[in-house]
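Enquirer: One structure, as structure tokens, below. Some questions next.
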Amino acid sequence: LPPPAEWPQSVTLVDGRRLSAAALAARPVVVVFWESTCPFCRNHNKHVEKLHRAAAGTDLLVLGVSIDRRREATLDYLQREGYTFAVTRDADALGRVFDTRRVIPRTYAVSRGAQLVAALPGEMFEEDVMEFLRLASKA
């Protein structure tokens, strides 16, 4: 198994909330890197939102990581698409945790305790994204 993910000291969400490294390590997390202008990300994020809604009532955190240069582009995109999953623009810090490849979308499943259990580059089918609910929930 790869070494545990070393979460940044904190991650700031676009709504102003902060998530500490301890809070992230205490729960399973699905991390998705995307950009608002990417057509593959647009399709992929529809499935990510469905995953977020399916995870309601569980410990799973679905965390989108916008690589947009402008904050307004990220916020406009989220509002236009109606996405409700947590989103951060701390792409540099989180990119160092996982990798610095520029392939988007990129999706990672991290179990409680920060163990990386899956890493998949590119757009995925809905059933593949939904599989992250099971993968990230592994002990």
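Ordering of the structure tokens sets the chain letters (A, B, ...), residue numbers begin anew at 1 in every chain, and ligands are numbered from 1 in the order given.
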Write out as an MDAnalysis selection string the residues lying within 12 Å of Thr88 of chain A, counting only C-alpha atoms and excluding same-chain residues fewer than 5 positions away.
Expert: chainID A and resid 10:19 31:35 62:68 71 74:75 78 93:95
Enquirer: Create the file for the chosen residues now, containing N, CA and C atoms and written as a compact mmCIF listing (two decimals), in the first residue's frame.
Expert:
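Result file again38.txt:
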# COMPACT_ATOMS: atom_id res chain seq x y z
N SER A 10 -4.35 22.73 6.82
CA SER A 10 -5.78 23.01 6.68
C SER A 10 -6.11 23.28 5.22
N VAL A 11 -7.38 23.12 4.90
CA VAL A 11 -7.90 23.38 3.57
C VAL A 11 -9.06 24.34 3.75
N THR A 12 -9.09 25.40 2.95
CA THR A 12 -10.17 26.37 3.04
C THR A 12 -11.16 26.12 1.90
N LEU A 13 -12.42 25.97 2.27
CA LEU A 13 -13.47 25.76 1.28
C LEU A 13 -13.92 27.11 0.72
N VAL A 14 -14.54 27.09 -0.45
CA VAL A 14 -14.98 28.34 -1.08
C VAL A 14 -16.05 29.05 -0.26
N ASP A 15 -16.73 28.32 0.63
CA ASP A 15 -17.73 28.97 1.49
C ASP A 15 -17.10 29.53 2.77
N GLY A 16 -15.77 29.45 2.89
CA GLY A 16 -15.07 30.03 4.03
C GLY A 16 -14.76 29.06 5.15
N ARG A 17 -15.41 27.90 5.17
CA ARG A 17 -15.10 26.90 6.21
C ARG A 17 -13.68 26.37 6.01
N ARG A 18 -13.07 25.96 7.11
CA ARG A 18 -11.73 25.38 7.06
C ARG A 18 -11.80 23.95 7.57
N LEU A 19 -11.08 23.07 6.90
CA LEU A 19 -10.97 21.68 7.31
C LEU A 19 -9.53 21.43 7.72
N VAL A 31 -11.56 12.87 -3.33
CA VAL A 31 -11.01 14.14 -3.80
C VAL A 31 -11.05 14.15 -5.32
N VAL A 32 -11.62 15.23 -5.89
CA VAL A 32 -11.74 15.34 -7.34
C VAL A 32 -11.16 16.68 -7.79
N PHE A 33 -10.10 16.63 -8.60
CA PHE A 33 -9.52 17.84 -9.20
C PHE A 33 -10.26 18.11 -10.50
N TRP A 34 -10.64 19.37 -10.73
CA TRP A 34 -11.39 19.74 -11.93
C TRP A 34 -11.19 21.23 -12.24
N GLU A 35 -11.67 21.59 -13.43
CA GLU A 35 -11.65 22.99 -13.87
C GLU A 35 -12.98 23.29 -14.54
N VAL A 62 -17.02 14.37 0.15
CA VAL A 62 -16.70 14.54 -1.26
C VAL A 62 -16.13 15.94 -1.38
N LEU A 63 -14.86 16.03 -1.80
CA LEU A 63 -14.13 17.30 -1.84
C LEU A 63 -13.67 17.60 -3.25
N GLY A 64 -14.28 18.61 -3.86
CA GLY A 64 -13.85 19.07 -5.17
C GLY A 64 -12.70 20.03 -5.02
N VAL A 65 -11.74 19.94 -5.93
CA VAL A 65 -10.57 20.84 -5.93
C VAL A 65 -10.55 21.56 -7.26
N SER A 66 -10.94 22.83 -7.23
CA SER A 66 -10.96 23.63 -8.44
C SER A 66 -9.55 24.12 -8.77
N ILE A 67 -9.16 23.94 -10.02
CA ILE A 67 -7.87 24.48 -10.46
C ILE A 67 -8.06 25.74 -11.30
N ASP A 68 -9.26 26.30 -11.27
CA ASP A 68 -9.51 27.56 -11.97
C ASP A 68 -8.57 28.65 -11.47
N ARG A 71 -11.24 32.84 -8.85
CA ARG A 71 -12.22 32.39 -7.86
C ARG A 71 -13.64 32.55 -8.41
N THR A 74 -14.85 29.69 -10.52
CA THR A 74 -15.26 28.54 -9.71
C THR A 74 -16.65 28.75 -9.13
N LEU A 75 -16.86 29.91 -8.51
CA LEU A 75 -18.15 30.19 -7.87
C LEU A 75 -19.29 30.24 -8.88
N LEU A 78 -20.13 26.61 -9.93
CA LEU A 78 -20.85 25.86 -8.89
C LEU A 78 -22.31 26.30 -8.82
N ALA A 93 -1.62 22.93 -2.70
CA ALA A 93 -1.35 22.15 -1.49
C ALA A 93 -1.85 20.71 -1.65
N LEU A 94 -3.04 20.53 -2.20
CA LEU A 94 -3.57 19.19 -2.36
C LEU A 94 -2.89 18.45 -3.51
N GLY A 95 -2.44 19.17 -4.51
CA GLY A 95 -1.70 18.54 -5.60
C GLY A 95 -0.42 17.90 -5.10
Enquirer: Which value, in Å to one decimal, gives the distance between atom CA of Asp128 of chain A and atom CA of Arg53 of chain A?
Expert: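 Taking atom CA of Asp128 of chain A and atom CA of Arg53 of chain A, their separation equals 15.5 Å.
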Enquirer: What is the distance between atom CA of Met124 of chain A and atom CA of Ser20 of chain A, in Å to one decimal?
Expert: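 Separation between atom CA of Met124 of chain A and atom CA of Ser20 of chain A: 28.8 Å.
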Enquirer: Please indicate the distance in Å from atom CA of Arg27 of chain A to atom CA of Gln115 of chain A, rounded to one decimal place.
Expert: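 Distance reported for this atom pair: 10.5 Å.
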Enquirer: Taking only segment 6-135 of chain A into account, list the residues labelled strand (DSSP E or B) by DSSP (computed from the backbone), as a PDB file with N, CA, C and O atoms, in the first residue's frame.
Expert:
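Printed below is part.pdb as written:
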ATOM      1  N   SER A  10      -4.352  22.727   6.817  1.00  0.00           N
ATOM      2  CA  SER A  10      -5.783  23.009   6.685  1.00  0.00           C
ATOM      3  C   SER A  10      -6.108  23.278   5.224  1.00  0.00           C
ATOM      4  O   SER A  10      -5.230  23.603   4.433  1.00  0.00           O
ATOM      5  N   VAL A  11      -7.378  23.121   4.904  1.00  0.00           N
ATOM      6  CA  VAL A  11      -7.899  23.377   3.565  1.00  0.00           C
ATOM      7  C   VAL A  11      -9.064  24.344   3.752  1.00  0.00           C
ATOM      8  O   VAL A  11      -9.922  24.128   4.606  1.00  0.00           O
ATOM      9  N   THR A  12      -9.092  25.400   2.954  1.00  0.00           N
ATOM     10  CA  THR A  12     -10.172  26.375   3.036  1.00  0.00           C
ATOM     11  C   THR A  12     -11.157  26.122   1.904  1.00  0.00           C
ATOM     12  O   THR A  12     -10.768  26.064   0.736  1.00  0.00           O
ATOM     13  N   LEU A  13     -12.422  25.970   2.273  1.00  0.00           N
ATOM     14  CA  LEU A  13     -13.469  25.764   1.278  1.00  0.00           C
ATOM     15  C   LEU A  13     -13.921  27.107   0.716  1.00  0.00           C
ATOM     16  O   LEU A  13     -13.727  28.145   1.345  1.00  0.00           O
ATOM     17  N   ARG A  18     -13.070  25.964   7.113  1.00  0.00           N
ATOM     18  CA  ARG A  18     -11.726  25.376   7.065  1.00  0.00           C
ATOM     19  C   ARG A  18     -11.796  23.950   7.567  1.00  0.00           C
ATOM     20  O   ARG A  18     -12.470  23.671   8.554  1.00  0.00           O
ATOM     21  N   LEU A  19     -11.082  23.070   6.895  1.00  0.00           N
ATOM     22  CA  LEU A  19     -10.971  21.679   7.312  1.00  0.00           C
ATOM     23  C   LEU A  19      -9.529  21.430   7.720  1.00  0.00           C
ATOM     24  O   LEU A  19      -8.617  21.659   6.932  1.00  0.00           O
ATOM     25  N   SER A  20      -9.323  20.977   8.948  1.00  0.00           N
ATOM     26  CA  SER A  20      -7.973  20.695   9.431  1.00  0.00           C
ATOM     27  C   SER A  20      -7.500  19.341   8.907  1.00  0.00           C
ATOM     28  O   SER A  20      -8.311  18.492   8.505  1.00  0.00           O
ATOM     29  N   VAL A  29     -12.484  10.285   2.408  1.00  0.00           N
ATOM     30  CA  VAL A  29     -12.621  11.456   1.543  1.00  0.00           C
ATOM     31  C   VAL A  29     -12.446  11.031   0.083  1.00  0.00           C
ATOM     32  O   VAL A  29     -11.535  10.271  -0.236  1.00  0.00           O
ATOM     33  N   VAL A  30     -13.317  11.527  -0.775  1.00  0.00           N
ATOM     34  CA  VAL A  30     -13.123  11.403  -2.215  1.00  0.00           C
ATOM     35  C   VAL A  30     -12.728  12.788  -2.699  1.00  0.00           C
ATOM     36  O   VAL A  30     -13.438  13.765  -2.462  1.00  0.00           O
ATOM     37  N   VAL A  31     -11.563  12.875  -3.334  1.00  0.00           N
ATOM     38  CA  VAL A  31     -11.011  14.143  -3.797  1.00  0.00           C
ATOM     39  C   VAL A  31     -11.055  14.150  -5.322  1.00  0.00           C
ATOM     40  O   VAL A  31     -10.582  13.208  -5.956  1.00  0.00           O
ATOM     41  N   VAL A  32     -11.617  15.232  -5.886  1.00  0.00           N
ATOM     42  CA  VAL A  32     -11.739  15.337  -7.341  1.00  0.00           C
ATOM     43  C   VAL A  32     -11.162  16.677  -7.792  1.00  0.00           C
ATOM     44  O   VAL A  32     -11.661  17.734  -7.408  1.00  0.00           O
ATOM     45  N   PHE A  33     -10.101  16.633  -8.601  1.00  0.00           N
ATOM     46  CA  PHE A  33      -9.523  17.841  -9.198  1.00  0.00           C
ATOM     47  C   PHE A  33     -10.256  18.113 -10.503  1.00  0.00           C
ATOM     48  O   PHE A  33     -10.447  17.199 -11.315  1.00  0.00           O
ATOM     49  N   TRP A  34     -10.641  19.368 -10.732  1.00  0.00           N
ATOM     50  CA  TRP A  34     -11.392  19.742 -11.930  1.00  0.00           C
ATOM     51  C   TRP A  34     -11.193  21.227 -12.241  1.00  0.00           C
ATOM     52  O   TRP A  34     -10.678  21.975 -11.430  1.00  0.00           O
ATOM     53  N   LEU A  61     -16.690  12.389   2.932  1.00  0.00           N
ATOM     54  CA  LEU A  61     -16.611  13.764   2.448  1.00  0.00           C
ATOM     55  C   LEU A  61     -16.240  13.727   0.971  1.00  0.00           C
ATOM     56  O   LEU A  61     -15.251  13.093   0.594  1.00  0.00           O
ATOM     57  N   VAL A  62     -17.024  14.369   0.150  1.00  0.00           N
ATOM     58  CA  VAL A  62     -16.697  14.543  -1.263  1.00  0.00           C
ATOM     59  C   VAL A  62     -16.126  15.942  -1.383  1.00  0.00           C
ATOM     60  O   VAL A  62     -16.802  16.927  -1.081  1.00  0.00           O
ATOM     61  N   LEU A  63     -14.856  16.028  -1.797  1.00  0.00           N
ATOM     62  CA  LEU A  63     -14.132  17.300  -1.838  1.00  0.00           C
ATOM     63  C   LEU A  63     -13.675  17.601  -3.252  1.00  0.00           C
ATOM     64  O   LEU A  63     -12.789  16.934  -3.790  1.00  0.00           O
ATOM     65  N   GLY A  64     -14.282  18.606  -3.862  1.00  0.00           N
ATOM     66  CA  GLY A  64     -13.852  19.067  -5.174  1.00  0.00           C
ATOM     67  C   GLY A  64     -12.700  20.032  -5.020  1.00  0.00           C
ATOM     68  O   GLY A  64     -12.671  20.838  -4.082  1.00  0.00           O
ATOM     69  N   VAL A  65     -11.735  19.943  -5.932  1.00  0.00           N
ATOM     70  CA  VAL A  65     -10.574  20.836  -5.925  1.00  0.00           C
ATOM     71  C   VAL A  65     -10.547  21.564  -7.257  1.00  0.00           C
ATOM     72  O   VAL A  65     -10.197  20.988  -8.280  1.00  0.00           O
ATOM     73  N   SER A  66     -10.941  22.829  -7.229  1.00  0.00           N
ATOM     74  CA  SER A  66     -10.959  23.631  -8.444  1.00  0.00           C
ATOM     75  C   SER A  66      -9.552  24.115  -8.767  1.00  0.00           C
ATOM     76  O   SER A  66      -8.862  24.650  -7.897  1.00  0.00           O
ATOM     77  N   ALA A  86     -18.518  19.865  -1.202  1.00  0.00           N
ATOM     78  CA  ALA A  86     -17.507  20.795  -0.695  1.00  0.00           C
ATOM     79  C   ALA A  86     -16.466  21.068  -1.788  1.00  0.00           C
ATOM     80  O   ALA A  86     -16.072  20.145  -2.506  1.00  0.00           O
ATOM     81  N   VAL A  87     -16.043  22.328  -1.899  1.00  0.00           N
ATOM     82  CA  VAL A  87     -15.059  22.703  -2.924  1.00  0.00           C
ATOM     83  C   VAL A  87     -14.007  23.613  -2.299  1.00  0.00           C
ATOM     84  O   VAL A  87     -14.326  24.523  -1.537  1.00  0.00           O
ATOM     85  N   THR A  88     -12.771  23.337  -2.661  1.00  0.00           N
ATOM     86  CA  THR A  88     -11.655  24.184  -2.263  1.00  0.00           C
ATOM     87  C   THR A  88     -10.904  24.633  -3.503  1.00  0.00           C
ATOM     88  O   THR A  88     -10.993  23.999  -4.554  1.00  0.00           O
ATOM     89  N   ARG A 106      -9.273  14.329 -12.082  1.00  0.00           N
ATOM     90  CA  ARG A 106      -8.523  13.286 -11.368  1.00  0.00           C
ATOM     91  C   ARG A 106      -9.294  13.005 -10.084  1.00  0.00           C
ATOM     92  O   ARG A 106      -9.664  13.933  -9.375  1.00  0.00           O
ATOM     93  N   THR A 107      -9.491  11.739  -9.775  1.00  0.00           N
ATOM     94  CA  THR A 107     -10.298  11.357  -8.623  1.00  0.00           C
ATOM     95  C   THR A 107      -9.524  10.388  -7.740  1.00  0.00           C
ATOM     96  O   THR A 107      -8.907   9.446  -8.243  1.00  0.00           O
ATOM     97  N   TYR A 108      -9.563  10.642  -6.441  1.00  0.00           N
ATOM     98  CA  TYR A 108      -8.851   9.832  -5.455  1.00  0.00           C
ATOM     99  C   TYR A 108      -9.806   9.428  -4.344  1.00  0.00           C
ATOM    100  O   TYR A 108     -10.634  10.232  -3.917  1.00  0.00           O
ATOM    101  N   ALA A 109      -9.667   8.205  -3.863  1.00  0.00           N
ATOM    102  CA  ALA A 109     -10.393   7.745  -2.677  1.00  0.00           C
ATOM    103  C   ALA A 109      -9.370   7.567  -1.567  1.00  0.00           C
ATOM    104  O   ALA A 109      -8.351   6.890  -1.746  1.00  0.00           O
ATOM    105  N   VAL A 110      -9.644   8.206  -0.435  1.00  0.00           N
ATOM    106  CA  VAL A 110      -8.755   8.146   0.718  1.00  0.00           C
ATOM    107  C   VAL A 110      -9.579   7.633   1.895  1.00  0.00           C
ATOM    108  O   VAL A 110     -10.624   8.202   2.224  1.00  0.00           O
ATOM    109  N   SER A 111      -9.110   6.554   2.511  1.00  0.00           N
ATOM    110  CA  SER A 111      -9.862   5.975   3.618  1.00  0.00           C
ATOM    111  C   SER A 111      -9.632   6.769   4.906  1.00  0.00           C
ATOM    112  O   SER A 111      -8.728   7.607   4.983  1.00  0.00           O
ATOM    113  N   GLN A 115      -5.365   6.713   4.184  1.00  0.00           N
ATOM    114  CA  GLN A 115      -4.749   5.731   3.294  1.00  0.00           C
ATOM    115  C   GLN A 115      -5.340   5.885   1.892  1.00  0.00           C
ATOM    116  O   GLN A 115      -6.559   5.786   1.721  1.00  0.00           O
ATOM    117  N   LEU A 116      -4.497   6.142   0.902  1.00  0.00           N
ATOM    118  CA  LEU A 116      -4.959   6.241  -0.485  1.00  0.00           C
ATOM    119  C   LEU A 116      -5.376   4.848  -0.962  1.00  0.00           C
ATOM    120  O   LEU A 116      -4.580   3.913  -0.909  1.00  0.00           O
ATOM    121  N   VAL A 117      -6.626   4.710  -1.386  1.00  0.00           N
ATOM    122  CA  VAL A 117      -7.108   3.399  -1.827  1.00  0.00           C
ATOM    123  C   VAL A 117      -7.407   3.336  -3.321  1.00  0.00           C
ATOM    124  O   VAL A 117      -7.531   2.248  -3.868  1.00  0.00           O
ATOM    125  N   ALA A 118      -7.505   4.480  -3.990  1.00  0.00           N
ATOM    126  CA  ALA A 118      -7.726   4.477  -5.435  1.00  0.00           C
ATOM    127  C   ALA A 118      -7.351   5.830  -6.013  1.00  0.00           C
ATOM    128  O   ALA A 118      -7.540   6.864  -5.370  1.00  0.00           O
ATOM    129  N   ALA A 119      -6.805   5.805  -7.224  1.00  0.00           N
ATOM    130  CA  ALA A 119      -6.462   7.021  -7.960  1.00  0.00           C
ATOM    131  C   ALA A 119      -6.781   6.779  -9.423  1.00  0.00           C
ATOM    132  O   ALA A 119      -6.227   5.855 -10.021  1.00  0.00           O
ATOM    133  N   LEU A 120      -7.697   7.582  -9.963  1.00  0.00           N
ATOM    134  CA  LEU A 120      -8.104   7.389 -11.345  1.00  0.00           C
ATOM    135  C   LEU A 120      -8.093   8.707 -12.105  1.00  0.00           C
ATOM    136  O   LEU A 120      -8.820   9.631 -11.743  1.00  0.00           O
ATOM    137  N   PRO A 121      -7.271   8.803 -13.147  1.00  0.00           N
ATOM    138  CA  PRO A 121      -7.270  10.006 -13.975  1.00  0.00           C
ATOM    139  C   PRO A 121      -8.365   9.926 -15.026  1.00  0.00           C
ATOM    140  O   PRO A 121      -8.736   8.846 -15.476  1.00  0.00           O
TER     141      PRO A 121
END
Enquirer: If we count only C-alpha atoms and set the cut-off at 8 Å, which residues sit around Phe40 of chain A, ignoring sequence neighbours fewer than 2 positions away in its own chain? Please answer as a CSV table (one decimal) with all heavy atoms, in the first residue's frame.
Expert:
chain,number,residue,atom,x,y,z
A,38,CYS,N,-13.5,22.7,-18.4
A,38,CYS,CA,-13.2,21.4,-18.9
A,38,CYS,C,-14.5,20.6,-19.2
A,38,CYS,O,-15.3,20.3,-18.3
A,38,CYS,CB,-12.3,20.6,-17.9
A,38,CYS,SG,-12.2,18.8,-18.1
A,42,ARG,N,-17.1,18.6,-16.6
A,42,ARG,CA,-18.5,18.9,-16.5
A,42,ARG,C,-19.3,17.6,-16.4
A,42,ARG,O,-20.2,17.5,-15.5
A,42,ARG,CB,-19.0,19.8,-17.7
A,42,ARG,CG,-20.4,20.2,-17.6
A,42,ARG,CD,-20.8,21.2,-18.6
A,42,ARG,NE,-20.2,22.5,-18.2
A,42,ARG,CZ,-19.3,23.2,-18.9
A,42,ARG,NH1,-18.9,22.8,-20.0
A,42,ARG,NH2,-18.8,24.3,-18.4
A,43,ASN,N,-19.0,16.7,-17.3
A,43,ASN,CA,-19.7,15.4,-17.2
A,43,ASN,C,-19.4,14.6,-16.0
A,43,ASN,O,-20.3,14.1,-15.3
A,43,ASN,CB,-19.4,14.5,-18.4
A,43,ASN,CG,-19.9,15.1,-19.7
A,43,ASN,OD1,-20.9,15.8,-19.7
A,43,ASN,ND2,-19.2,14.8,-20.8
A,44,HIS,N,-18.2,14.6,-15.6
A,44,HIS,CA,-17.7,13.9,-14.4
A,44,HIS,C,-18.3,14.4,-13.1
A,44,HIS,O,-18.8,13.7,-12.3
A,44,HIS,CB,-16.2,14.0,-14.4
A,44,HIS,CG,-15.5,13.2,-13.3
A,44,HIS,ND1,-15.3,11.8,-13.4
A,44,HIS,CD2,-15.0,13.5,-12.1
A,44,HIS,CE1,-14.7,11.3,-12.3
A,44,HIS,NE2,-14.5,12.4,-11.5
A,104,ILE,N,-7.1,16.2,-16.0
A,104,ILE,CA,-8.4,16.5,-15.2
A,104,ILE,C,-9.5,15.9,-16.0
A,104,ILE,O,-9.5,15.8,-17.2
A,104,ILE,CB,-8.6,18.0,-15.0
A,104,ILE,CG1,-8.5,18.8,-16.3
A,104,ILE,CG2,-7.7,18.5,-13.9
A,104,ILE,CD1,-8.9,20.3,-16.1
A,105,PRO,N,-10.5,15.4,-15.3
A,105,PRO,CA,-10.6,15.3,-13.9
A,105,PRO,C,-9.7,14.2,-13.4
A,105,PRO,O,-9.3,13.3,-14.1
A,105,PRO,CB,-12.0,15.0,-13.6
A,105,PRO,CG,-12.5,14.3,-14.8
A,105,PRO,CD,-11.8,14.9,-15.9
A,122,GLY,N,-8.9,11.1,-15.4
A,122,GLY,CA,-9.9,11.2,-16.5
A,122,GLY,C,-11.3,11.0,-16.1
A,122,GLY,O,-11.6,10.7,-14.9
A,123,GLU,N,-12.2,11.3,-17.0
A,123,GLU,CA,-13.6,11.2,-16.8
A,123,GLU,C,-14.0,9.7,-16.6
A,123,GLU,O,-13.5,8.8,-17.3
A,123,GLU,CB,-14.3,11.7,-18.1
A,123,GLU,CG,-15.8,11.7,-18.0
A,123,GLU,CD,-16.5,12.2,-19.2
A,123,GLU,OE1,-15.8,12.7,-20.2
A,123,GLU,OE2,-17.7,12.1,-19.3
Enquirer: As a PyMOL selection string, please: every residue in chain A that a backbone DSSP assignment puts in alpha helix (DSSP H).
Expert: chain A and resi 21-25+39-54+71-81+91-98+126-136
Enquirer: Take the residues just selected and output them with C-alpha atoms as an mmCIF file, in the first residue's frame.
Expert:
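Output contents, as saved in part16.cif:
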data_model
loop_
_atom_site.group_PDB
_atom_site.id
_atom_site.type_symbol
_atom_site.label_atom_id
_atom_site.label_comp_id
_atom_site.auth_asym_id
_atom_site.auth_seq_id
_atom_site.Cartn_x
_atom_site.Cartn_y
_atom_site.Cartn_z
ATOM 1 C CA ALA A 21 -5.629 17.839 8.554
ATOM 2 C CA ALA A 22 -6.955 15.945 11.596
ATOM 3 C CA ALA A 23 -10.566 16.406 10.457
ATOM 4 C CA LEU A 24 -9.700 15.140 6.972
ATOM 5 C CA ALA A 25 -7.787 12.126 8.314
ATOM 6 C CA PRO A 39 -16.006 19.517 -20.764
ATOM 7 C CA PHE A 40 -14.873 16.158 -19.341
ATOM 8 C CA CYS A 41 -15.005 17.616 -15.829
ATOM 9 C CA ARG A 42 -18.524 18.914 -16.473
ATOM 10 C CA ASN A 43 -19.740 15.389 -17.237
ATOM 11 C CA HIS A 44 -17.693 13.859 -14.413
ATOM 12 C CA ASN A 45 -18.878 16.368 -11.799
ATOM 13 C CA LYS A 46 -22.514 15.438 -12.439
ATOM 14 C CA HIS A 47 -21.603 11.988 -11.108
ATOM 15 C CA VAL A 48 -19.567 13.530 -8.277
ATOM 16 C CA GLU A 49 -22.639 15.486 -7.151
ATOM 17 C CA LYS A 50 -24.672 12.272 -7.236
ATOM 18 C CA LEU A 51 -21.987 10.593 -5.096
ATOM 19 C CA HIS A 52 -22.127 13.507 -2.641
ATOM 20 C CA ARG A 53 -25.906 13.152 -2.335
ATOM 21 C CA ALA A 54 -25.669 9.357 -1.964
ATOM 22 C CA ARG A 71 -12.221 32.394 -7.860
ATOM 23 C CA GLU A 72 -15.225 33.927 -9.660
ATOM 24 C CA ALA A 73 -15.037 31.256 -12.371
ATOM 25 C CA THR A 74 -15.259 28.537 -9.711
ATOM 26 C CA LEU A 75 -18.149 30.193 -7.868
ATOM 27 C CA ASP A 76 -20.091 30.921 -11.078
ATOM 28 C CA TYR A 77 -19.667 27.319 -12.219
ATOM 29 C CA LEU A 78 -20.846 25.864 -8.890
ATOM 30 C CA GLN A 79 -23.908 28.095 -8.846
ATOM 31 C CA ARG A 80 -24.759 27.500 -12.512
ATOM 32 C CA GLU A 81 -24.476 23.706 -12.163
ATOM 33 C CA ALA A 91 -5.116 22.973 -5.541
ATOM 34 C CA ASP A 92 -1.379 23.509 -5.043
ATOM 35 C CA ALA A 93 -1.353 22.145 -1.494
ATOM 36 C CA LEU A 94 -3.575 19.190 -2.361
ATOM 37 C CA GLY A 95 -1.695 18.538 -5.603
ATOM 38 C CA ARG A 96 1.437 17.948 -3.520
ATOM 39 C CA VAL A 97 -0.472 15.359 -1.463
ATOM 40 C CA PHE A 98 -1.540 13.315 -4.462
ATOM 41 C CA GLU A 126 -21.449 7.119 -13.113
ATOM 42 C CA GLU A 127 -21.122 3.578 -11.752
ATOM 43 C CA ASP A 128 -17.345 4.010 -11.430
ATOM 44 C CA VAL A 129 -17.743 7.254 -9.498
ATOM 45 C CA MET A 130 -20.363 5.664 -7.250
ATOM 46 C CA GLU A 131 -17.902 2.836 -6.507
ATOM 47 C CA PHE A 132 -15.857 5.440 -4.634
ATOM 48 C CA LEU A 133 -18.534 5.364 -1.915
ATOM 49 C CA ARG A 134 -17.463 1.774 -1.182
ATOM 50 C CA LEU A 135 -13.746 2.274 -1.783
ATOM 51 C CA ALA A 136 -13.349 5.302 0.466
#
Enquirer: I'd like to know which of A:Ala56, A:Ala114, A:Val103, A:Ala5 is closest to Thr84 of chain A, using only C-alpha atoms.
Expert: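 So, comparing all the options, the nearest one is A:Ala56.
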Enquirer: With only C-alpha atoms as the basis for distance, which of A:Arg112, A:Asp99, A:Phe125, A:Arg89 is at the shortest distance from Ser36 of chain A?
Expert: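 Using only C-alpha atoms, the shortest distance to Ser36 of chain A belongs to A:Arg89.
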